[in-house]
Amino acid sequence: MAEYWHDAGCAFHPASAPDYLPLEQLRMLQLHRLQAMVSRAYENVPLFRSRMEERGLKPEHLQSLSDIAKLPFTVKTDLRDTYPFGLFASPMSEVVRVHASSGTTGKPIVVAYTKEDLDVWASVMIRCFAASGLDRGDIIQNAYGYGLFTGGLGAHYGAEALGATVIPISGGNTDRQLMIMKDFGVTAICCTPSYFVHLIDRAPQLGINLKELPLRVGVFGAEPWTEQMRQRVQEESRIEAYDIYGLSEIIGPGVGNECWAHSGLHIFEDHFYPEVVDINTLEPVPDGAEGELVLTTLSKKAMPMIRYRTRDITTLVPEQCKCGRTIRRISRIGRRSDDMFIIRGVNVYPSQIEAGILAVEGTLPHYIIILTGEMGLDEVEVQVEVTPEFFSDKVGAMEQLQKRIGQAIERIINIRVKVRLVEPHTIQRSEGKAKRVIDQRKK
Ligand code: DLL
């Protein structure tokens with residue numbers, strides 16, 4: 001058998017075989033791995049042991065996959081409270097890598113990997129790239145940040161293991177990114193969607209037309225982005241944009257990825273067991289209903305995670321995907337439960353504002369949301385960049401555009417916001433995750 005074959009235009013790599021396991025076999029594998037992982041966590045991590053003991057639970061009580069609901073949740077503060085190494089289940093002699101989240105305040109959270117964990121990580125990243133239609137022969141520009149952030153090294157080793165050529169350029173230095181993209185004949189780029197928008201903007205200033213380059217795929221993640229953003233990015237660059245999901249606490253990038261069907265992200269559930277729970281009751285919701293994604297690692301050695309509350313809001317997609325993969329999908333993560341801000345009593349998410357802005361012709365995907373006033377009397381100002389053609393001296397035309405954006409946002413969130421049009425390139429660009437909200441309200 002040839003080592004590689006192509007199915008519906010999508011690269012298949014032998015590492016992708018678990019994507020297609022018969023369901024019965026997949027469930028058996030998950031249960032087997034869950035039991036082994038929970039025993040390990042119970043034996044080696046005092047926090048997990050004491051949480052289970054409080055509930056009178058022993059690893060042998062896990063007899064079926066549905067018993068997972070008996071296990072206690074883990075939350076981000078558990079990682080902070082046990083900083084730096086308190087949740088490690090392997091001795092340091094077996095830990096070969098640590099990563100850490102930058103964190104906006106205080107101590108970062110630290111995560112660990114054994115050699116085996118790194119192999120699993122590379123294998124799920126191969127599956128992400130293969131699902132994104134990439135293969136050996138592709139030249140992948142990896143513009144996720146290298147360092148403590150999981151994005152750079154996670155994507156790097158996956159791309160190498162796939163057999164592709166990696167350009168380990170990391171984030172930033174936009175002009176050099178574009179020069180290399182052109183000169184090296186790059187076929188795929190990995191970065192945050194907001195950074196790719198920045199590259200799209202800058203390219204013409206350097207005389208580069210992205211549509212004329214061999215670049216054909218973007219693997220974008222690490223921050224929420226909307227379907228409207230995908231359409232814009234694809235139109236402007238003529239690439240196919242794939243959504244990749246992951247988080248440090250679970251492994252980094254590579255927890256899930258879209259396939260060519262672009263209808264949700266397949267979760268590599270032979271390694272990461274997904275549940276979706278109601279954000280208030282924390283009870284599992286039926287498939288198709290929205291809630292918080294909870295993930296359990298099934299094979300992680302150095303730092304197993306039991307029922308980790310991700311804060312990411314999604315649904316488990318009930319139907320099987322037309323790509324033939326049997327592993328389940330989650331819907332695109334448009335928001336986090338802690339992203340939300342409340343304006344005059346209404347819950348609003350930045351992605352709703354983004355969807356409104358990009359529904360209007362003439363806008364650019366650069367925006368910032370500024371909250372002012374006092375709680376209860378909140379004011380929202382949405383600053384949006386508009387294309388040079390639309391940014392005209394004609395006051396009437398600008399007012400019209402402003403009004404259309406305001407209405408598009410109001411249709412989505414049901415409240416009126418102030419819209420201010422700003423010239424192209426005035427809103428600060430990010431090289432990694434974009435910061436969309438500035439909260440200047442008096443607390
Ligand atoms: O952002 C890992 C990663 C790197 C994923 C590169 C994809 C690509 P953290 O810094 O720990 O890890 O942030 C994880 O980012 O809980 C989500 O809220 C958000 N996030 C990640 N991917 C997506 C996505 C990396 N595709 C947090 N869509 C997660 C929406 C995403 N949000």
# chains A, B, ... in the order shown; residues from 1 in each chain; ligands from 1
$ residues_around --residues "segment 118-130 of chain A" --least-positions-apart "2" --cutoff "8 Å" --atoms "only C-alpha atoms" --output "number ranges by chain"
A: 10-13, 15-16, 113-116, 132-135, 154-155, 157-159, 161-162, 219, 244, 251, 253-258, 268
$ residues_around --residues "Lys435 of chain A" --least-positions-apart "4" --cutoff "12 Å" --atoms "only C-alpha atoms" --output "PDB file with all heavy atoms, in the first residue's frame"
ATOM      1  N   THR A 104      -2.213  37.010  31.840  1.00  0.00           N
ATOM      2  CA  THR A 104      -2.195  38.464  31.847  1.00  0.00           C
ATOM      3  C   THR A 104      -1.721  38.990  33.201  1.00  0.00           C
ATOM      4  O   THR A 104      -1.063  40.004  33.287  1.00  0.00           O
ATOM      5  CB  THR A 104      -3.588  39.026  31.519  1.00  0.00           C
ATOM      6  OG1 THR A 104      -4.553  38.227  32.181  1.00  0.00           O
ATOM      7  CG2 THR A 104      -3.834  39.035  30.024  1.00  0.00           C
ATOM      8  N   THR A 192      -2.195  33.020  13.899  1.00  0.00           N
ATOM      9  CA  THR A 192      -3.542  33.393  14.346  1.00  0.00           C
ATOM     10  C   THR A 192      -4.252  34.048  13.153  1.00  0.00           C
ATOM     11  O   THR A 192      -3.606  34.687  12.313  1.00  0.00           O
ATOM     12  CB  THR A 192      -3.492  34.402  15.518  1.00  0.00           C
ATOM     13  OG1 THR A 192      -2.721  35.533  15.115  1.00  0.00           O
ATOM     14  CG2 THR A 192      -2.888  33.787  16.767  1.00  0.00           C
ATOM     15  N   SER A 194      -5.959  36.675  13.121  1.00  0.00           N
ATOM     16  CA  SER A 194      -5.779  38.133  13.119  1.00  0.00           C
ATOM     17  C   SER A 194      -4.417  38.509  12.546  1.00  0.00           C
ATOM     18  O   SER A 194      -4.273  39.534  11.880  1.00  0.00           O
ATOM     19  CB  SER A 194      -5.964  38.725  14.525  1.00  0.00           C
ATOM     20  OG  SER A 194      -5.107  38.100  15.431  1.00  0.00           O
ATOM     21  N   TYR A 195      -3.415  37.662  12.774  1.00  0.00           N
ATOM     22  CA  TYR A 195      -2.105  37.994  12.210  1.00  0.00           C
ATOM     23  C   TYR A 195      -2.114  37.808  10.692  1.00  0.00           C
ATOM     24  O   TYR A 195      -1.493  38.572   9.966  1.00  0.00           O
ATOM     25  CB  TYR A 195      -0.982  37.167  12.859  1.00  0.00           C
ATOM     26  CG  TYR A 195       0.388  37.654  12.439  1.00  0.00           C
ATOM     27  CD1 TYR A 195       0.750  38.986  12.625  1.00  0.00           C
ATOM     28  CD2 TYR A 195       1.304  36.818  11.833  1.00  0.00           C
ATOM     29  CE1 TYR A 195       1.980  39.473  12.217  1.00  0.00           C
ATOM     30  CE2 TYR A 195       2.551  37.287  11.422  1.00  0.00           C
ATOM     31  CZ  TYR A 195       2.880  38.613  11.609  1.00  0.00           C
ATOM     32  OH  TYR A 195       4.102  39.100  11.203  1.00  0.00           O
ATOM     33  N   GLU A 223      -7.282  31.674  18.742  1.00  0.00           N
ATOM     34  CA  GLU A 223      -8.204  32.748  19.148  1.00  0.00           C
ATOM     35  C   GLU A 223      -9.523  32.545  18.393  1.00  0.00           C
ATOM     36  O   GLU A 223      -9.545  31.914  17.325  1.00  0.00           O
ATOM     37  CB  GLU A 223      -7.615  34.119  18.822  1.00  0.00           C
ATOM     38  CG  GLU A 223      -7.445  34.356  17.323  1.00  0.00           C
ATOM     39  CD  GLU A 223      -6.763  35.680  16.997  1.00  0.00           C
ATOM     40  OE1 GLU A 223      -6.271  36.362  17.905  1.00  0.00           O
ATOM     41  OE2 GLU A 223      -6.732  36.029  15.792  1.00  0.00           O
ATOM     42  N   PRO A 224     -10.621  33.076  18.945  1.00  0.00           N
ATOM     43  CA  PRO A 224     -11.894  32.933  18.230  1.00  0.00           C
ATOM     44  C   PRO A 224     -11.900  33.737  16.940  1.00  0.00           C
ATOM     45  O   PRO A 224     -11.308  34.802  16.869  1.00  0.00           O
ATOM     46  CB  PRO A 224     -12.921  33.520  19.217  1.00  0.00           C
ATOM     47  CG  PRO A 224     -12.229  33.621  20.521  1.00  0.00           C
ATOM     48  CD  PRO A 224     -10.775  33.767  20.226  1.00  0.00           C
ATOM     49  N   ASP A 339     -15.078  35.649  28.064  1.00  0.00           N
ATOM     50  CA  ASP A 339     -14.920  36.725  27.081  1.00  0.00           C
ATOM     51  C   ASP A 339     -16.040  37.729  27.147  1.00  0.00           C
ATOM     52  O   ASP A 339     -15.978  38.808  26.593  1.00  0.00           O
ATOM     53  CB  ASP A 339     -15.206  36.121  25.697  1.00  0.00           C
ATOM     54  CG  ASP A 339     -14.044  35.946  24.829  1.00  0.00           C
ATOM     55  OD1 ASP A 339     -12.949  36.253  25.266  1.00  0.00           O
ATOM     56  OD2 ASP A 339     -14.293  35.480  23.711  1.00  0.00           O
ATOM     57  N   PRO A 350     -17.361  39.465  21.800  1.00  0.00           N
ATOM     58  CA  PRO A 350     -16.671  40.153  20.705  1.00  0.00           C
ATOM     59  C   PRO A 350     -16.983  39.544  19.334  1.00  0.00           C
ATOM     60  O   PRO A 350     -17.093  40.259  18.342  1.00  0.00           O
ATOM     61  CB  PRO A 350     -15.187  39.967  21.042  1.00  0.00           C
ATOM     62  CG  PRO A 350     -15.149  39.734  22.509  1.00  0.00           C
ATOM     63  CD  PRO A 350     -16.432  39.066  22.877  1.00  0.00           C
ATOM     64  N   HIS A 366     -10.370  44.736  11.093  1.00  0.00           N
ATOM     65  CA  HIS A 366      -9.612  45.321  12.199  1.00  0.00           C
ATOM     66  C   HIS A 366     -10.580  46.175  12.991  1.00  0.00           C
ATOM     67  O   HIS A 366     -11.135  47.134  12.476  1.00  0.00           O
ATOM     68  CB  HIS A 366      -8.502  46.234  11.674  1.00  0.00           C
ATOM     69  CG  HIS A 366      -7.484  45.506  10.866  1.00  0.00           C
ATOM     70  ND1 HIS A 366      -6.667  44.550  11.408  1.00  0.00           N
ATOM     71  CD2 HIS A 366      -7.169  45.576   9.560  1.00  0.00           C
ATOM     72  CE1 HIS A 366      -5.885  44.066  10.455  1.00  0.00           C
ATOM     73  NE2 HIS A 366      -6.179  44.669   9.336  1.00  0.00           N
ATOM     74  N   TYR A 367     -10.761  45.788  14.237  1.00  0.00           N
ATOM     75  CA  TYR A 367     -11.719  46.532  15.055  1.00  0.00           C
ATOM     76  C   TYR A 367     -11.306  46.411  16.509  1.00  0.00           C
ATOM     77  O   TYR A 367     -10.535  45.525  16.883  1.00  0.00           O
ATOM     78  CB  TYR A 367     -13.138  45.979  14.857  1.00  0.00           C
ATOM     79  CG  TYR A 367     -13.285  44.553  15.316  1.00  0.00           C
ATOM     80  CD1 TYR A 367     -13.713  44.239  16.606  1.00  0.00           C
ATOM     81  CD2 TYR A 367     -12.940  43.513  14.466  1.00  0.00           C
ATOM     82  CE1 TYR A 367     -13.806  42.926  17.030  1.00  0.00           C
ATOM     83  CE2 TYR A 367     -13.030  42.195  14.879  1.00  0.00           C
ATOM     84  CZ  TYR A 367     -13.464  41.913  16.159  1.00  0.00           C
ATOM     85  OH  TYR A 367     -13.531  40.602  16.572  1.00  0.00           O
ATOM     86  N   ILE A 368     -11.834  47.331  17.276  1.00  0.00           N
ATOM     87  CA  ILE A 368     -11.579  47.273  18.706  1.00  0.00           C
ATOM     88  C   ILE A 368     -12.841  47.746  19.413  1.00  0.00           C
ATOM     89  O   ILE A 368     -13.561  48.603  18.896  1.00  0.00           O
ATOM     90  CB  ILE A 368     -10.313  48.095  19.051  1.00  0.00           C
ATOM     91  CG1 ILE A 368      -9.906  47.826  20.474  1.00  0.00           C
ATOM     92  CG2 ILE A 368     -10.471  49.566  18.830  1.00  0.00           C
ATOM     93  CD1 ILE A 368      -8.421  47.790  20.627  1.00  0.00           C
ATOM     94  N   ILE A 369     -13.100  47.154  20.561  1.00  0.00           N
ATOM     95  CA  ILE A 369     -14.336  47.474  21.283  1.00  0.00           C
ATOM     96  C   ILE A 369     -13.923  48.182  22.574  1.00  0.00           C
ATOM     97  O   ILE A 369     -13.176  47.612  23.375  1.00  0.00           O
ATOM     98  CB  ILE A 369     -15.109  46.176  21.607  1.00  0.00           C
ATOM     99  CG1 ILE A 369     -15.396  45.413  20.308  1.00  0.00           C
ATOM    100  CG2 ILE A 369     -16.384  46.464  22.379  1.00  0.00           C
ATOM    101  CD1 ILE A 369     -15.752  43.952  20.517  1.00  0.00           C
ATOM    102  N   ILE A 370     -14.392  49.421  22.739  1.00  0.00           N
ATOM    103  CA  ILE A 370     -13.989  50.172  23.931  1.00  0.00           C
ATOM    104  C   ILE A 370     -15.211  50.372  24.822  1.00  0.00           C
ATOM    105  O   ILE A 370     -16.240  50.895  24.378  1.00  0.00           O
ATOM    106  CB  ILE A 370     -13.361  51.528  23.526  1.00  0.00           C
ATOM    107  CG1 ILE A 370     -12.145  51.254  22.634  1.00  0.00           C
ATOM    108  CG2 ILE A 370     -12.943  52.333  24.751  1.00  0.00           C
ATOM    109  CD1 ILE A 370     -11.547  52.468  22.002  1.00  0.00           C
ATOM    110  N   ILE A 427      -5.570  50.921  13.856  1.00  0.00           N
ATOM    111  CA  ILE A 427      -5.760  50.038  15.024  1.00  0.00           C
ATOM    112  C   ILE A 427      -4.534  49.132  15.156  1.00  0.00           C
ATOM    113  O   ILE A 427      -4.049  48.568  14.182  1.00  0.00           O
ATOM    114  CB  ILE A 427      -7.061  49.223  14.882  1.00  0.00           C
ATOM    115  CG1 ILE A 427      -8.243  50.188  15.036  1.00  0.00           C
ATOM    116  CG2 ILE A 427      -7.137  48.108  15.918  1.00  0.00           C
ATOM    117  CD1 ILE A 427      -9.584  49.605  14.787  1.00  0.00           C
ATOM    118  N   GLN A 428      -4.071  49.027  16.401  1.00  0.00           N
ATOM    119  CA  GLN A 428      -2.838  48.283  16.633  1.00  0.00           C
ATOM    120  C   GLN A 428      -2.968  46.809  16.216  1.00  0.00           C
ATOM    121  O   GLN A 428      -3.978  46.165  16.502  1.00  0.00           O
ATOM    122  CB  GLN A 428      -2.471  48.368  18.111  1.00  0.00           C
ATOM    123  CG  GLN A 428      -1.012  48.109  18.308  1.00  0.00           C
ATOM    124  CD  GLN A 428      -0.651  47.969  19.772  1.00  0.00           C
ATOM    125  OE1 GLN A 428      -1.412  48.362  20.662  1.00  0.00           O
ATOM    126  NE2 GLN A 428       0.513  47.416  20.016  1.00  0.00           N
ATOM    127  N   ARG A 429      -1.963  46.301  15.529  1.00  0.00           N
ATOM    128  CA  ARG A 429      -1.988  44.916  15.062  1.00  0.00           C
ATOM    129  C   ARG A 429      -1.372  43.998  16.102  1.00  0.00           C
ATOM    130  O   ARG A 429      -0.461  44.393  16.830  1.00  0.00           O
ATOM    131  CB  ARG A 429      -1.172  44.787  13.764  1.00  0.00           C
ATOM    132  CG  ARG A 429      -1.616  45.720  12.668  1.00  0.00           C
ATOM    133  CD  ARG A 429      -3.036  45.388  12.235  1.00  0.00           C
ATOM    134  NE  ARG A 429      -3.384  46.077  11.016  1.00  0.00           N
ATOM    135  CZ  ARG A 429      -4.280  47.055  10.928  1.00  0.00           C
ATOM    136  NH1 ARG A 429      -4.918  47.468  12.004  1.00  0.00           N
ATOM    137  NH2 ARG A 429      -4.549  47.607   9.763  1.00  0.00           N
ATOM    138  N   SER A 430      -1.844  42.753  16.110  1.00  0.00           N
ATOM    139  CA  SER A 430      -1.231  41.795  17.027  1.00  0.00           C
ATOM    140  C   SER A 430      -0.429  40.803  16.217  1.00  0.00           C
ATOM    141  O   SER A 430      -0.761  40.508  15.075  1.00  0.00           O
ATOM    142  CB  SER A 430      -2.309  41.047  17.796  1.00  0.00           C
ATOM    143  OG  SER A 430      -2.884  40.078  16.950  1.00  0.00           O
ATOM    144  N   GLU A 431       0.614  40.272  16.845  1.00  0.00           N
ATOM    145  CA  GLU A 431       1.405  39.243  16.160  1.00  0.00           C
ATOM    146  C   GLU A 431       0.972  37.863  16.619  1.00  0.00           C
ATOM    147  O   GLU A 431       1.315  36.860  16.038  1.00  0.00           O
ATOM    148  CB  GLU A 431       2.885  39.455  16.460  1.00  0.00           C
ATOM    149  CG  GLU A 431       3.392  40.705  15.786  1.00  0.00           C
ATOM    150  CD  GLU A 431       4.783  41.094  16.195  1.00  0.00           C
ATOM    151  OE1 GLU A 431       5.365  40.429  17.072  1.00  0.00           O
ATOM    152  OE2 GLU A 431       5.299  42.086  15.642  1.00  0.00           O
ATOM    153  N   ASP A 439     -11.591  47.628  28.329  1.00  0.00           N
ATOM    154  CA  ASP A 439     -12.634  47.963  29.296  1.00  0.00           C
ATOM    155  C   ASP A 439     -12.130  49.111  30.168  1.00  0.00           C
ATOM    156  O   ASP A 439     -11.269  48.933  31.023  1.00  0.00           O
ATOM    157  CB  ASP A 439     -12.942  46.721  30.145  1.00  0.00           C
ATOM    158  CG  ASP A 439     -14.219  46.898  30.951  1.00  0.00           C
ATOM    159  OD1 ASP A 439     -14.704  48.047  31.053  1.00  0.00           O
ATOM    160  OD2 ASP A 439     -14.728  45.889  31.461  1.00  0.00           O
TER     161      ASP A 439
END
$ atom_distance --atom1 "atom CA of Cys190 of chain A" --atom2 "atom CA of Gly291 of chain A"
28.1 Å
$ residues_around --residues "Val382 of chain A" --least-positions-apart "3" --cutoff "10 Å" --atoms "only C-alpha atoms" --output "list in words"
Ile353, Glu354, Ile357, Tyr367, Ile368, Ile369, Ile370, Leu371, Glu379, Glu385, Ile405, Gly406, Ile409, Val417, Lys418, Val419, Arg420, Leu421, Arg436 and Val437 of chain A
$ closest_residue --among "A:Met37, A:Ile169, A:Leu65, A:Leu295" --to "ligand 1" --atoms "only C-alpha atoms and all ligand atoms"
A:Leu295
$ residues_around --residues "Leu47 of chain A" --least-positions-apart "2" --cutoff "10 Å" --atoms "only C-alpha atoms" --output "PyMOL selection string"
chain A and resi 41-42+44-45+49-53+74+78+82+86-87
$ closest_residue --among "A:Val186, A:Leu206, A:Tyr242, A:Asp175" --to "Ala131 of chain A" --atoms "only C-alpha atoms"
A:Tyr242
$ closest_residue --among "A:Arg202, A:Arg336, A:Arg238, A:Arg328" --to "Asp312 of chain A" --atoms "only C-alpha atoms"
A:Arg336
$ residues_around --residues "Arg40 of chain A" --least-positions-apart "2" --cutoff "12 Å" --atoms "only C-alpha atoms" --output "PyMOL selection string"
chain A and resi 33-38+42-46+48-49+58-60+87-90+297-306
